[in-house]
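A short worksheet on the structure shown next.
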Amino acid sequence: MLSFINLFSLTTYRLAQVAVIGTLAVISFEVAARYVFNSPTQSSLEITEYFLVAMGFLPLAAIYKSNGHVSVEIVTMLLGPKSQAVCRKLALLITLSFSLLVAWFGFDLTLHALQTKTASSSLLSFPMWIPYSSIPLGFLALALESLRQLFESAATKETV
């Protein structure tokens, strides 16, 4: 189970990296098309926006795993070790609950877009379930990562 969580987290992180590279490729192509060939494209902004959504949501678990998210520790640093452990577990439970909630609604949104064949209103007519899917995938990965950390803290018998 833990190896699946690590693999899922790594996969979503790698997909976010692909989105970064894709953004660089689209922007580079647009610059060349506009300034070298004097023939700009119509869809580069839309594609870049979809990549930005992926870059924002897909790496959530990997960032959480490396403690890269913003945290305020001014109060918890004043507490004793037992209270800090309780606060950490409470934060993990809140993260797990919130991320499961967002993943649930995100899956519903993605499924609705897939079933209704929702597409962008631009000339590209891009199927919207594809960019929408990065939201539930990213938050599901975050939920699984917080669950992994909860199991890890229980297995190491963190002071409570």
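Identifiers for the structure tokens are assigned positionally: chains receive A, B, ... in sequence, residues are indexed from 1 per chain, and ligands are indexed from 1 in the order shown.
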
Query raised in the report: Any idea what's packed within 8 Å of segment 54-62 of chain A, counting only C-alpha atoms, ignoring anything in its chain fewer than 5 positions away? Could you give it as number ranges by chain?
Result: A: 9-10, 12-13, 15-17, 19-20, 131, 134-135, 137-139, 141-145

Query - Who sits within 12 Å of Val31 of chain A, only C-alpha atoms, same chain under 6 positions skipped, as number ranges by chain - result: A: 24-25, 37-41, 44-45

Report task. Any chance you could list, as a PyMOL selection string, the residues in segment 75-153 of chain A that come up alpha helix (DSSP H) when DSSP is run on the backbone? Result -> chain A and resi 81-115+129-132+134-153

**Report entry** Residues within 10 Å of His112 of chain A, only C-alpha atoms, excluding chain neighbours under 5 positions, as number ranges by chain
**Finding:** A: 106-107, 117-118, 128-129

Selected residues, C-alpha atoms, written as a compact mmCIF listing (two decimals), in the first residue's frame, please.
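Resulting contents of out_8.txt:
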# COMPACT_ATOMS: atom_id res chain seq x y z
CA GLY A 106 -13.14 17.18 -8.65
CA PHE A 107 -13.93 13.63 -9.79
CA LYS A 117 -18.52 15.95 -23.78
CA THR A 118 -17.81 19.46 -22.57
CA MET A 128 -12.37 19.86 -20.70
CA TRP A 129 -12.22 16.61 -18.75

Requested in this report: May I have the residues within 8 Å of Thr48 of chain A as a ChimeraX atom specification, using only C-alpha atoms and disregarding those fewer than 3 positions away in the same chain?
Outcome: /A:23,26-27,44-45,51-52

Query raised in the report: Taking into account only C-alpha atoms, which residue in the set A:Ala32, A:Met77, A:Leu150, A:Leu140 is nearest to Phe105 of chain A?
Result: A:Leu140
